[in-house]
Every structure is written in C-alpha cells, then in structure tokens.
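As provided, input_13.tsv (TSV, C-alpha atoms) reads as follows.
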chain	number	residue	atom	x	y	z
A	1	MET	CA	-128.37	-71.18	-53.77
A	2	ALA	CA	-125.27	-69.22	-54.64
A	3	PRO	CA	-125.21	-67.20	-51.36
A	4	SER	CA	-125.56	-70.44	-49.44
A	5	ARG	CA	-122.54	-71.98	-51.20
A	6	PHE	CA	-120.55	-68.81	-50.60
A	7	ARG	CA	-121.38	-68.90	-46.86
A	8	ARG	CA	-120.29	-72.55	-46.71
A	9	MET	CA	-116.96	-71.63	-48.32
A	10	ILE	CA	-116.47	-68.79	-45.80
A	11	ASN	CA	-117.24	-71.11	-42.91
A	12	ALA	CA	-114.81	-73.73	-44.26
A	13	VAL	CA	-112.05	-71.14	-44.45
A	14	LYS	CA	-112.78	-70.00	-40.90
A	15	GLU	CA	-112.78	-73.58	-39.70
A	16	SER	CA	-109.48	-74.55	-41.35
A	17	PRO	CA	-107.56	-71.60	-42.79
A	18	GLY	CA	-104.40	-73.68	-43.13
A	19	ASP	CA	-106.10	-76.11	-45.51
A	20	ALA	CA	-107.64	-73.24	-47.44
A	21	VAL	CA	-104.30	-71.52	-47.95
A	22	THR	CA	-102.75	-74.85	-48.97
A	23	CYS	CA	-105.34	-75.23	-51.73
A	24	LEU	CA	-104.89	-71.64	-52.83
A	25	THR	CA	-101.11	-72.09	-52.84
A	26	VAL	CA	-101.29	-75.10	-55.12
A	27	ALA	CA	-103.82	-73.41	-57.39
A	28	ALA	CA	-101.69	-70.24	-57.65
A	29	ILE	CA	-98.53	-72.17	-58.47
A	30	VAL	CA	-100.30	-74.24	-61.14
A	31	VAL	CA	-101.89	-71.17	-62.76
A	32	VAL	CA	-98.64	-69.17	-62.82
A	33	ALA	CA	-96.67	-72.17	-64.14
A	34	LEU	CA	-99.16	-72.76	-66.95
A	35	LEU	CA	-99.28	-69.10	-67.93
A	36	ASP	CA	-95.49	-68.90	-68.00
A	37	MET	CA	-95.21	-72.20	-69.88
A	38	PHE	CA	-97.46	-70.96	-72.68
A	39	ASN	CA	-95.78	-67.53	-72.68
A	40	ALA	CA	-99.00	-65.81	-71.61
A	41	ILE	CA	-96.84	-64.03	-69.04
A	42	SER	CA	-93.09	-63.72	-68.58
A	43	LEU	CA	-91.90	-63.38	-65.00
A	44	GLY	CA	-88.37	-62.83	-63.83
A	45	GLN	CA	-86.37	-65.04	-61.49
A	46	GLU	CA	-86.45	-62.56	-58.61
A	47	PHE	CA	-90.22	-62.15	-58.77
A	48	LEU	CA	-90.92	-65.88	-58.86
A	49	SER	CA	-88.45	-66.68	-56.09
A	50	GLY	CA	-89.94	-63.95	-53.94
A	51	ALA	CA	-93.43	-65.19	-54.68
A	52	ALA	CA	-92.54	-68.65	-53.41
A	53	VAL	CA	-91.30	-67.15	-50.15
A	54	VAL	CA	-94.42	-64.96	-49.79
A	55	VAL	CA	-96.70	-67.94	-50.38
A	56	LEU	CA	-94.84	-69.96	-47.77
A	57	GLY	CA	-95.13	-67.06	-45.32
A	58	ALA	CA	-98.86	-66.79	-45.93
A	59	PHE	CA	-99.31	-70.47	-45.25
A	60	LEU	CA	-97.31	-70.28	-42.03
A	61	GLY	CA	-99.35	-67.30	-40.86
A	62	ALA	CA	-102.61	-69.05	-41.61
A	63	LEU	CA	-101.47	-72.14	-39.79
A	64	LEU	CA	-100.54	-70.15	-36.71
A	65	VAL	CA	-103.96	-68.52	-36.45
A	66	SER	CA	-105.78	-71.75	-37.16
A	67	ARG	CA	-107.82	-73.15	-34.28
A	68	LYS	CA	-106.57	-76.59	-35.20
A	69	SER	CA	-102.97	-77.46	-34.42
A	70	THR	CA	-102.85	-81.16	-35.10
A	71	VAL	CA	-100.10	-83.59	-36.01
A	72	GLU	CA	-101.67	-83.82	-39.46
A	73	GLN	CA	-101.29	-80.08	-39.96
A	74	LYS	CA	-97.64	-80.24	-38.97
A	75	GLU	CA	-97.02	-83.01	-41.47
A	76	VAL	CA	-98.71	-80.96	-44.17
A	77	LEU	CA	-96.58	-77.98	-43.19
A	78	GLN	CA	-93.37	-80.00	-43.49
A	79	LYS	CA	-94.37	-81.28	-46.91
A	80	ILE	CA	-95.29	-77.81	-48.17
A	81	VAL	CA	-91.99	-76.39	-46.91
A	82	ALA	CA	-90.08	-79.13	-48.72
A	83	ASP	CA	-92.11	-78.74	-51.92
A	84	LEU	CA	-91.75	-74.97	-51.97
A	85	GLY	CA	-88.01	-75.30	-51.39
A	86	GLY	CA	-87.75	-77.49	-54.47
A	87	ILE	CA	-90.00	-75.16	-56.48
A	88	LYS	CA	-87.91	-72.16	-55.45
A	89	GLN	CA	-84.72	-73.92	-56.55
A	90	GLU	CA	-86.23	-74.83	-59.92
A	91	ILE	CA	-87.42	-71.24	-60.36
A	92	GLU	CA	-83.90	-69.99	-59.69
A	93	ILE	CA	-82.48	-72.48	-62.18
A	94	ARG	CA	-85.03	-71.85	-64.92
A	95	GLY	CA	-85.55	-68.12	-64.42
A	96	VAL	CA	-84.79	-65.91	-67.41
A	97	ASP	CA	-81.82	-64.34	-65.61
A	98	ALA	CA	-80.42	-67.50	-64.00
A	99	HIS	CA	-76.86	-68.37	-65.00
A	100	VAL	CA	-75.63	-70.82	-62.38
A	101	VAL	CA	-76.79	-72.65	-59.27
A	102	GLU	CA	-75.03	-74.94	-56.79
A	103	VAL	CA	-76.14	-78.57	-56.87
A	104	PRO	CA	-75.98	-80.87	-53.82
A	105	ARG	CA	-73.63	-83.80	-54.32
A	106	GLU	CA	-76.50	-86.30	-54.24
A	107	GLU	CA	-78.13	-84.57	-57.22
A	108	ILE	CA	-75.04	-84.34	-59.44
A	109	GLY	CA	-75.51	-87.80	-60.93
A	110	ARG	CA	-79.13	-87.12	-61.87
A	111	ARG	CA	-78.24	-83.77	-63.41
A	112	LEU	CA	-75.49	-85.37	-65.50
A	113	GLU	CA	-77.86	-88.07	-66.70
A	114	ASP	CA	-80.40	-85.39	-67.64
A	115	LEU	CA	-77.76	-83.68	-69.79
A	116	LEU	CA	-77.17	-86.96	-71.59
A	117	GLY	CA	-80.87	-87.59	-72.16
A	118	SER	CA	-81.17	-85.76	-75.47
A	119	THR	CA	-78.16	-84.02	-76.93
A	120	ASN	CA	-76.48	-83.42	-80.26
A	121	SER	CA	-73.04	-82.71	-78.83
A	122	TRP	CA	-70.85	-83.17	-75.77
A	123	HIS	CA	-67.85	-81.27	-74.41
A	124	PHE	CA	-65.58	-82.65	-71.70
A	125	ARG	CA	-62.59	-81.12	-69.96
A	126	GLY	CA	-61.08	-82.93	-67.04
A	127	GLY	CA	-58.68	-85.54	-65.78
A	128	LEU	CA	-58.99	-89.26	-66.46
A	129	GLY	CA	-62.43	-89.39	-68.07
A	130	GLY	CA	-63.61	-92.50	-66.25
A	131	TRP	CA	-67.26	-91.46	-66.49
A	132	GLN	CA	-66.76	-90.62	-70.15
A	133	ARG	CA	-65.68	-94.20	-70.83
A	134	SER	CA	-68.24	-95.94	-68.62
A	135	THR	CA	-71.30	-93.80	-69.33
A	136	VAL	CA	-71.06	-90.84	-71.71
A	137	LEU	CA	-69.54	-92.53	-74.75
A	138	PRO	CA	-71.76	-95.66	-74.50
A	139	SER	CA	-74.83	-93.43	-74.12
A	140	LEU	CA	-73.95	-91.26	-77.10
A	141	ALA	CA	-73.19	-94.41	-79.10
A	142	THR	CA	-76.87	-95.39	-78.96
A	143	VAL	CA	-77.68	-92.49	-81.31
A	144	THR	CA	-77.73	-93.91	-84.83
A	145	ASN	CA	-79.70	-91.34	-86.85
A	146	ARG	CA	-77.25	-88.43	-86.67
A	147	ASP	CA	-73.63	-87.56	-85.97
A	148	ILE	CA	-72.65	-86.54	-82.44
A	149	ALA	CA	-69.92	-83.91	-82.05
A	150	TYR	CA	-67.70	-84.84	-79.10
A	151	SER	CA	-64.98	-82.48	-77.85
A	152	MET	CA	-62.51	-83.63	-75.22
A	153	HIS	CA	-59.71	-81.68	-73.50
A	154	ILE	CA	-57.51	-83.96	-71.39
A	155	LEU	CA	-53.96	-84.31	-70.08
A	156	ASN	CA	-51.18	-85.52	-72.34
A	157	PRO	CA	-50.27	-89.08	-71.25
A	158	ALA	CA	-46.74	-88.61	-72.66
A	159	ASP	CA	-46.08	-85.63	-70.37
A	160	GLU	CA	-44.40	-87.23	-67.36
A	161	ASP	CA	-44.24	-84.08	-65.24
A	162	LEU	CA	-47.90	-83.32	-65.82
A	163	CYS	CA	-48.95	-86.88	-64.97
A	164	ARG	CA	-46.88	-86.80	-61.78
A	165	ARG	CA	-48.29	-83.46	-60.66
A	166	TYR	CA	-51.84	-84.59	-61.34
A	167	ALA	CA	-51.26	-87.85	-59.45
A	168	SER	CA	-49.95	-85.83	-56.51
A	169	TYR	CA	-53.01	-83.60	-56.60
A	170	ARG	CA	-55.37	-86.57	-56.63
A	171	ALA	CA	-53.53	-88.08	-53.68
A	172	SER	CA	-53.87	-84.84	-51.72
A	173	ALA	CA	-57.58	-84.76	-52.59
A	174	GLY	CA	-58.06	-88.24	-51.12
A	175	GLN	CA	-58.87	-90.05	-54.36
A	176	ARG	CA	-58.76	-93.81	-54.78
A	177	THR	CA	-55.24	-95.23	-54.57
A	178	GLY	CA	-55.17	-96.61	-58.11
A	179	THR	CA	-55.41	-93.14	-59.64
A	180	THR	CA	-52.69	-91.53	-57.53
A	181	ASP	CA	-49.83	-93.36	-59.27
A	182	PRO	CA	-48.38	-91.39	-62.23
A	183	LYS	CA	-48.08	-94.54	-64.36
A	184	ASN	CA	-51.73	-95.36	-63.75
A	185	ILE	CA	-52.65	-91.80	-64.71
A	186	ARG	CA	-50.79	-92.27	-67.99
A	187	ASP	CA	-52.42	-95.64	-68.69
A	188	GLU	CA	-55.94	-94.36	-67.93
A	189	LEU	CA	-55.41	-91.50	-70.37
A	190	LEU	CA	-54.12	-93.84	-73.07
A	191	ALA	CA	-57.17	-96.04	-72.54
A	192	LEU	CA	-59.41	-92.98	-72.89
A	193	LEU	CA	-57.77	-92.14	-76.21
A	194	TYR	CA	-58.29	-95.68	-77.48
A	195	ALA	CA	-61.93	-95.56	-76.37
A	196	ALA	CA	-62.49	-92.29	-78.24
A	197	ALA	CA	-60.90	-93.79	-81.36
A	198	TRP	CA	-62.98	-96.98	-81.08
A	199	TYR	CA	-66.25	-95.04	-80.80
A	200	SER	CA	-65.16	-92.86	-83.70
A	201	GLU	CA	-64.73	-95.95	-85.85
A	202	ARG	CA	-67.79	-97.90	-84.73
A	203	THR	CA	-70.47	-95.28	-83.94
A	204	ARG	CA	-71.78	-91.87	-85.07
A	205	ILE	CA	-69.59	-90.08	-82.50
A	206	ASN	CA	-67.07	-87.65	-84.01
A	207	PRO	CA	-64.43	-87.02	-81.34
A	208	LYS	CA	-62.14	-84.00	-81.38
A	209	VAL	CA	-59.37	-84.41	-78.81
A	210	SER	CA	-56.96	-81.77	-77.50
A	211	PHE	CA	-54.22	-81.89	-74.87
A	212	LEU	CA	-54.18	-79.46	-71.95
A	213	TYR	CA	-50.97	-77.79	-70.84
A	214	SER	CA	-51.92	-78.12	-67.17
A	215	TYR	CA	-54.46	-79.88	-65.00
A	216	SER	CA	-57.37	-78.22	-63.24
A	217	PRO	CA	-59.37	-79.32	-60.18
A	218	LEU	CA	-62.51	-78.48	-62.17
A	219	ARG	CA	-64.20	-80.95	-64.49
A	220	TYR	CA	-66.61	-79.68	-67.16
A	221	ASP	CA	-69.40	-81.73	-68.75
A	222	LEU	CA	-71.31	-79.70	-71.30
A	223	SER	CA	-74.20	-80.68	-73.58
A	224	ASP	CA	-76.85	-78.86	-75.61
A	225	LEU	CA	-78.95	-78.69	-72.46
A	226	GLY	CA	-76.50	-77.21	-69.97
A	227	LEU	CA	-73.25	-77.47	-68.05
A	228	ILE	CA	-72.16	-79.34	-64.93
A	229	VAL	CA	-68.93	-78.37	-63.15
A	230	THR	CA	-67.54	-80.77	-60.53
A	231	VAL	CA	-64.33	-81.54	-58.65
A	232	PRO	CA	-62.70	-84.94	-58.01
A	233	ASP	CA	-63.99	-84.98	-54.42
A	234	MET	CA	-67.48	-86.41	-54.87
A	235	GLN	CA	-68.44	-85.21	-51.38
A	236	GLN	CA	-68.40	-81.64	-52.66
A	237	ARG	CA	-71.25	-79.78	-54.34
A	238	GLY	CA	-71.25	-79.07	-58.06
A	239	ILE	CA	-72.45	-76.25	-60.27
A	240	TYR	CA	-75.24	-76.42	-62.84
A	241	ALA	CA	-75.71	-73.79	-65.55
A	242	PRO	CA	-78.61	-74.09	-68.01
A	243	ALA	CA	-78.05	-73.67	-71.74
A	244	GLY	CA	-78.62	-70.14	-72.94
A	245	GLY	CA	-77.42	-68.55	-69.72
A	246	TRP	CA	-74.35	-66.35	-69.62
A	247	TYR	CA	-72.12	-68.81	-67.77
A	248	CYS	CA	-72.91	-71.86	-69.91
A	249	THR	CA	-72.51	-69.87	-73.12
A	250	SER	CA	-69.20	-68.40	-71.96
A	251	VAL	CA	-67.73	-71.76	-70.95
A	252	ARG	CA	-68.74	-73.27	-74.29
A	253	ASP	CA	-67.05	-70.40	-76.12
A	254	GLU	CA	-63.95	-70.66	-73.92
A	255	MET	CA	-63.60	-74.37	-74.68
A	256	ASP	CA	-64.11	-73.83	-78.40
A	257	GLN	CA	-61.51	-71.07	-78.48
A	258	ALA	CA	-59.02	-73.02	-76.36
A	259	GLY	CA	-59.36	-76.00	-78.68
A	260	LYS	CA	-57.99	-73.94	-81.54
A	261	ALA	CA	-54.73	-73.27	-79.69
A	262	LEU	CA	-54.19	-76.55	-77.82
A	263	PRO	CA	-52.23	-79.48	-79.28
A	264	ALA	CA	-54.64	-81.55	-81.37
A	265	VAL	CA	-54.77	-85.33	-81.41
A	266	ALA	CA	-55.27	-87.14	-84.72
A	267	LEU	CA	-56.99	-90.44	-83.95
A	268	PRO	CA	-56.40	-93.36	-86.32
A	269	SER	CA	-59.03	-95.30	-88.24
A	270	GLY	CA	-59.09	-98.81	-89.61
A	271	GLU	CA	-61.13	-101.91	-88.84
A	272	SER	CA	-58.11	-104.00	-87.89
A	273	MET	CA	-57.48	-101.82	-84.81
A	274	PHE	CA	-61.09	-101.63	-83.66
A	275	PRO	CA	-63.03	-104.90	-83.38
A	276	ARG	CA	-66.72	-104.59	-84.09
A	277	HIS	CA	-67.62	-105.53	-80.51
A	278	TRP	CA	-65.85	-103.82	-77.65
A	279	ARG	CA	-65.55	-107.07	-75.71
A	280	ASP	CA	-63.20	-108.37	-78.42
A	281	VAL	CA	-60.59	-105.64	-77.93
A	282	ARG	CA	-57.17	-107.04	-77.08
A	283	ALA	CA	-53.71	-105.71	-76.33
A	284	GLY	CA	-52.63	-105.95	-79.97
A	285	HIS	CA	-55.51	-103.76	-81.12
A	286	VAL	CA	-54.72	-101.12	-78.50
A	287	ARG	CA	-51.02	-101.13	-79.29
A	288	GLU	CA	-51.56	-100.77	-83.03
A	289	ALA	CA	-54.04	-97.94	-82.56
A	290	LEU	CA	-51.99	-95.95	-80.04
A	291	GLU	CA	-48.85	-96.30	-82.16
A	292	ALA	CA	-50.81	-94.68	-84.99
A	293	VAL	CA	-51.97	-91.68	-82.92
A	294	ARG	CA	-50.37	-88.39	-84.00
A	295	VAL	CA	-50.12	-85.15	-82.05
A	296	GLN	CA	-50.19	-81.82	-83.83
A	297	PRO	CA	-48.67	-79.06	-81.66
A	298	SER	CA	-50.42	-75.73	-81.51
A	299	ARG	CA	-50.95	-74.25	-84.94
A	300	PHE	CA	-49.06	-71.22	-83.69
A	301	SER	CA	-45.89	-73.24	-82.96
A	302	GLY	CA	-45.01	-74.05	-86.57
A	303	GLN	CA	-43.96	-77.58	-85.56
A	304	SER	CA	-44.92	-80.73	-87.44
A	305	SER	CA	-46.94	-83.58	-85.96
A	306	HIS	CA	-45.26	-86.38	-84.02
A	307	SER	CA	-46.10	-89.78	-82.60
A	308	LEU	CA	-47.93	-89.92	-79.26
A	309	LEU	CA	-45.90	-92.84	-77.91
A	310	THR	CA	-42.63	-91.12	-77.10
A	311	GLY	CA	-40.67	-90.49	-73.91
A	312	TRP	CA	-42.80	-91.22	-70.84
A	313	ALA	CA	-45.29	-93.05	-73.08
A	314	ASP	CA	-42.74	-94.92	-75.18
A	315	THR	CA	-43.93	-98.35	-76.29
A	316	SER	CA	-41.23	-100.10	-74.26
A	317	ARG	CA	-42.61	-98.55	-71.06
A	318	LEU	CA	-46.22	-99.62	-71.56
A	319	ASP	CA	-48.17	-102.70	-70.47
A	320	PHE	CA	-50.68	-103.02	-73.30
A	321	ASP	CA	-52.43	-106.00	-71.68
A	322	LYS	CA	-53.25	-103.75	-68.74
A	323	ILE	CA	-54.26	-100.77	-70.90
A	324	ALA	CA	-56.55	-102.98	-73.01
A	325	ARG	CA	-58.63	-103.77	-69.92
A	326	LEU	CA	-59.39	-100.10	-69.24
A	327	PRO	CA	-61.19	-98.47	-72.22
A	328	PHE	CA	-64.61	-100.01	-71.48
A	329	VAL	CA	-64.50	-100.38	-67.68
A	330	GLY	CA	-68.00	-99.81	-66.32
A	331	ARG	CA	-69.79	-100.54	-69.59
A	332	SER	CA	-72.27	-103.40	-69.28
A	333	ASN	CA	-73.71	-103.89	-72.77
Show me, as structure tokens, the structure contained in the file I just sent.
Amino acid sequence: MAPSRFRRMINAVKESPGDAVTCLTVAAIVVVALLDMFNAISLGQEFLSGAAVVVLGAFLGALLVSRKSTVEQKEVLQKIVADLGGIKQEIEIRGVDAHVVEVPREEIGRRLEDLLGSTNSWHFRGGLGGWQRSTVLPSLATVTNRDIAYSMHILNPADEDLCRRYASYRASAGQRTGTTDPKNIRDELLALLYAAAWYSERTRINPKVSFLYSYSPLRYDLSDLGLIVTVPDMQQRGIYAPAGGWYCTSVRDEMDQAGKALPAVALPSGESMFPRHWRDVRAGHVREALEAVRVQPSRFSGQSSHSLLTGWADTSRLDFDKIARLPFVGRSN
C-alpha cells in the first residue's frame, strides 16, 4: 500500500512539478514561520530574505520544465511572485537586524494606523500637526484605563520669521494653498496648542509640548510599536522603523534629549476654558486658554517664562473665531 502511494506521489510531481513546488513552498514558509514564532529557531534577516528568493527561483525553474504551460499556471505564478514579494518585505522589516525600510506612499496611512492600534505613548515632531488633531489625539483619547504620554515638538507660532520660512517651504513643496500663508501657519499651530490643552484637561492624555528652533522637511510619528518618517509631499515614500531596532531607538532618544533643551510650553488647565464636549468650544474658550499659555525658554538660558501671545501672535493680531474652528477639524465623533 505504502509503495503504491509513494509511486502516485512521484507520478503527480512528474505530471505537474509547478503545482508540487507551490505546495512545498507554502508548507516550507508555514513551518519556518511557526518555528520562528515559537522561538524554536532564530533566523537572521539575510537568511530569510535569501530563502524567499531561492524558493521563488525553485518555483520558476519547476514551472519552466513543466510539460504544462497553461494560463492557469501563469496566474498562479503571478500570485506567488506577489505573495513572496510581500513576505520578503515583511521578513526584512521583522528580521532581528532590521532597522529601517522604505514604505510606499499608499501604505503609509495603514502603517500609521497600526502604530496607533495599541500604544502607551506617542511622540510627534513636525509642522502643523493636522493629522495629530484629526486622528492621533482623538484615537488616544479613547483610552480610559491608563495615562498616555504624548510628546510634541512643533514650531513656535509667535516666531514670525520661522512661520514665514515654513510657509515658503510648503509653497515650494506644492502644498495646499491654505497652509502656505504665514498667518495660517501661525493659526494652525495655535489651534494645535489649544487641542493639546483640551485633551489634557478632558482625557487621559498627558501632553508635553516643546518649540523647535527651526523647521524640518521630516515629520516623525513614534509609538511603542515603531516609527514612521514622512515628508509633506504625500506622493513620496516614507520610512518605517520597528521598535527595538537601532534607528527607532536612536530617534526616540534624540527626541527625549532634545526636549530637555528646547523651550517648553506650559499648557493651562481649568474647566472654564475647555468645554466637556469639543463641539461646544468657542472663540472665548480658545482666547482664554491661549492667553494663559506660558513659554519657558531653555533651562540653559536662565530666562524666566513669558506669555505665548506676544509679537507676531499678539492678541490684537489674532482672529479667535477662525482659530476656534481649527482644533478639531477632521474629527467626526
């Protein structure tokens, strides 16, 4: 009985070697993945990536020598090539030595949402923080059983020269017209500060805000799970670095160290400035809160804290009705 079954298997392989190699490919991948998952073996990134290429080569070779060259086989080949490409990318990302990988623009959104899925902290360094207001802060606000550490490094809305230079950069990068006007840059930043203060008052989010001395084309979103680096041009690729890798760990340390030397923002608290529901926020609430914001220069400067709303951001220059419409743009519930 056994020899008969063995002969049937041999004949099946001879008849359709492409199908046989496909089955063996899937079986090998599943076995290796399970062994690595349960720490029965520990394979490096280079080995696993190379293995994926070797398996693909074996399948191609088997398909070429197969006596059947049908449309169905070609479709199977295309699917296997696509699947192995994705597997190889995941191996490179998750390998023990992987530190960073480029992410296609169409995958950036999914990667960012994955970072938000389960996290105890969030770090942001960037420009206007529109995605922070519309998505990150509302998502973190749903956590009610623990505090969420939230670190944010942004531009100083009272720094006219910095706002103008950043507006010019955004214009040269082809960004939407509304964010290429220096005054709009200032107002978006003020709205972001109010949003951070509101979430601090009404949720378990504990924001720690610092002002950058200069803008950067790079935007960092960092959680417990990893890091995403992007640029304002959403047509460009991004970078993903998993937690625990050298790059992600280094960026986290760099942001923590920089925060100690950057000007720190003291956000106000008080129920009168922050209505219980975000839809009830009005110009008066925003004005009262922003007037109470204090800025502490670098601890190395020896200077005392001062009000945020001075100079370029003086109260007389601001349209609080307009600013009050910005903190929760994009939030739906």
Legend entry - Residue with smallest distance to Leu192 of chain A - pool A:Gln132, A:Gln235, A:Asn206, A:Ser172, counting all atoms listed in the file: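 Among the listed residues, A:Gln132 lies closest to Leu192 of chain A.
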Inset, instruction - One decimal, Å: what's the distance from atom CA of Val265 of chain A over to atom CA of Ala289 of chain A, could you say? - result: 12.7 Å
Inset, instruction - Would you please work out which residue, of A:Thr180, A:His99, A:Glu201, A:Gly174, is nearest to Glu271 of chain A when using all atoms listed in the file? - result: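 Closest residue, counting all atoms listed in the file: A:Glu201.
Coordinates place atom CA of Val209 of chain A at a distance of 11.6 Å from atom CA of Asp256 of chain A.
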Legend entry - Interatomic distance (Å, one decimal) between atom CA of Val293 of chain A and atom CA of Asp181 of chain A: 23.8 Å
Inset, instruction - Can you work out which one of A:Ala195, A:Ser134, A:Val295, A:Leu190 has the shortest atom-to-atom distance to Thr315 of chain A, counting all atoms listed in the file? - result: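 Ranking A:Ala195, A:Ser134, A:Val295, A:Leu190 by distance to Thr315 of chain A, first place goes to A:Leu190.
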Legend entry - Shell around Val100 of chain A at 9 Å using all atoms listed in the file, local window under 3 positions removed, as a list in words: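 Selected residues are Glu92, Ile93, Ile239, Tyr240, Ala241, Pro242, Gly245, Trp246, Tyr247 and Cys248 of chain A.
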Leaving out Glu160 of chain A and any residue of its chain fewer than 6 positions from it, which residues lie within 10 Å of it when counting only C-alpha atoms, given as a short mmCIF file (atom, residue, chain, number, x, y, z; two decimals) with C-alpha atoms, in the coordinates of the input?
data_model
loop_
_atom_site.label_atom_id
_atom_site.label_comp_id
_atom_site.auth_asym_id
_atom_site.auth_seq_id
_atom_site.Cartn_x
_atom_site.Cartn_y
_atom_site.Cartn_z
CA TYR A 166 -51.84 -84.59 -61.34
CA PRO A 182 -48.38 -91.39 -62.23
CA LYS A 183 -48.08 -94.54 -64.36
CA ILE A 185 -52.65 -91.80 -64.71
CA ARG A 186 -50.79 -92.27 -67.99
CA GLY A 311 -40.67 -90.49 -73.91
CA TRP A 312 -42.80 -91.22 -70.84
CA ALA A 313 -45.29 -93.05 -73.08
#
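Here the selection is built from only C-alpha atoms, and the residues within 10 Å of (-67.2, -94.4, -82.1) turn out to be Leu137, Pro138, Leu140, Ala141, Ile148, Ala195, Ala196, Ala197, Trp198, Tyr199, Ser200, Glu201, Arg202, Thr203, Arg204, Ile205, Asn206, Pro207 and Phe274 of chain A.
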Written selection (C-alpha atoms) as a PDB file, keeping the file's coordinate frame:
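Contents of result_15.pdb, freshly written:
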ATOM      1  CA  LEU A 137     -69.540 -92.530 -74.750  1.00  0.00           C
ATOM      2  CA  PRO A 138     -71.760 -95.660 -74.500  1.00  0.00           C
ATOM      3  CA  LEU A 140     -73.950 -91.260 -77.100  1.00  0.00           C
ATOM      4  CA  ALA A 141     -73.190 -94.410 -79.100  1.00  0.00           C
ATOM      5  CA  ILE A 148     -72.650 -86.540 -82.440  1.00  0.00           C
ATOM      6  CA  ALA A 195     -61.930 -95.560 -76.370  1.00  0.00           C
ATOM      7  CA  ALA A 196     -62.490 -92.290 -78.240  1.00  0.00           C
ATOM      8  CA  ALA A 197     -60.900 -93.790 -81.360  1.00  0.00           C
ATOM      9  CA  TRP A 198     -62.980 -96.980 -81.080  1.00  0.00           C
ATOM     10  CA  TYR A 199     -66.250 -95.040 -80.800  1.00  0.00           C
ATOM     11  CA  SER A 200     -65.160 -92.860 -83.700  1.00  0.00           C
ATOM     12  CA  GLU A 201     -64.730 -95.950 -85.850  1.00  0.00           C
ATOM     13  CA  ARG A 202     -67.790 -97.900 -84.730  1.00  0.00           C
ATOM     14  CA  THR A 203     -70.470 -95.280 -83.940  1.00  0.00           C
ATOM     15  CA  ARG A 204     -71.780 -91.870 -85.070  1.00  0.00           C
ATOM     16  CA  ILE A 205     -69.590 -90.080 -82.500  1.00  0.00           C
ATOM     17  CA  ASN A 206     -67.070 -87.650 -84.010  1.00  0.00           C
ATOM     18  CA  PRO A 207     -64.430 -87.020 -81.340  1.00  0.00           C
ATOM     19  CA  PHE A 274     -61.090-101.630 -83.660  1.00  0.00           C
TER      20      PHE A 274
END
Inset, instruction - Tell me, as a list of chain:residue names, which residues lie within 9 Å of Glu288 of chain A, counting all atoms listed in the file; anything in the same chain fewer than 5 positions away does not count. - result: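 Once the adjacent positions are removed, what remains is A:Ser272, A:Met273, A:Ala283.
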Inset, instruction - Give the answer as one residue: which of A:Thr135, A:Asp114, A:Tyr213, A:Ala173 has the shortest atom-to-atom distance to Asp161 of chain A, using only C-alpha atoms? - result: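 Ranking A:Thr135, A:Asp114, A:Tyr213, A:Ala173 by distance to Asp161 of chain A, first place goes to A:Tyr213.
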Legend entry - Residue contacts of Glu113 of chain A (12 Å, only C-alpha atoms) excluding same-chain residues fewer than 6 positions away, as a PyMOL selection string: chain A and resi 107+119+131-132+135-136+139-140+221-223+225-228
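Between Ala191 of chain A and the residues A:Pro157, A:Gly284, A:Gly130, A:Pro327, the shortest atom-to-atom distance, using only C-alpha atoms, involves A:Pro327.
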Legend entry - Residue contacts of His153 of chain A (9 Å, only C-alpha atoms) excluding same-chain residues fewer than 6 positions away, as a list of chain:residue names: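 Here the answer would be A:His123, A:Phe124, A:Arg125, A:Gly126, A:Gly127, A:Lys208, A:Val209, A:Ser210, A:Phe211, A:Leu212, A:Met255, A:Gly259, A:Leu262.
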Those selected residues, please, written with C-alpha atoms and delivered as a PDB file, in the frame of the given file.
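For reference, selection.pdb as written:
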ATOM      1  CA  HIS A 123     -67.850 -81.270 -74.410  1.00  0.00           C
ATOM      2  CA  PHE A 124     -65.580 -82.650 -71.700  1.00  0.00           C
ATOM      3  CA  ARG A 125     -62.590 -81.120 -69.960  1.00  0.00           C
ATOM      4  CA  GLY A 126     -61.080 -82.930 -67.040  1.00  0.00           C
ATOM      5  CA  GLY A 127     -58.680 -85.540 -65.780  1.00  0.00           C
ATOM      6  CA  LYS A 208     -62.140 -84.000 -81.380  1.00  0.00           C
ATOM      7  CA  VAL A 209     -59.370 -84.410 -78.810  1.00  0.00           C
ATOM      8  CA  SER A 210     -56.960 -81.770 -77.500  1.00  0.00           C
ATOM      9  CA  PHE A 211     -54.220 -81.890 -74.870  1.00  0.00           C
ATOM     10  CA  LEU A 212     -54.180 -79.460 -71.950  1.00  0.00           C
ATOM     11  CA  MET A 255     -63.600 -74.370 -74.680  1.00  0.00           C
ATOM     12  CA  GLY A 259     -59.360 -76.000 -78.680  1.00  0.00           C
ATOM     13  CA  LEU A 262     -54.190 -76.550 -77.820  1.00  0.00           C
TER      14      LEU A 262
END
Inset, instruction - Tell me which of A:Ser332, A:Tyr169, A:Glu291, A:Asn120 sits closest to Val143 of chain A, counting only C-alpha atoms. - result: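 Among A:Ser332, A:Tyr169, A:Glu291, A:Asn120, it is A:Asn120 that comes nearest to Val143 of chain A.
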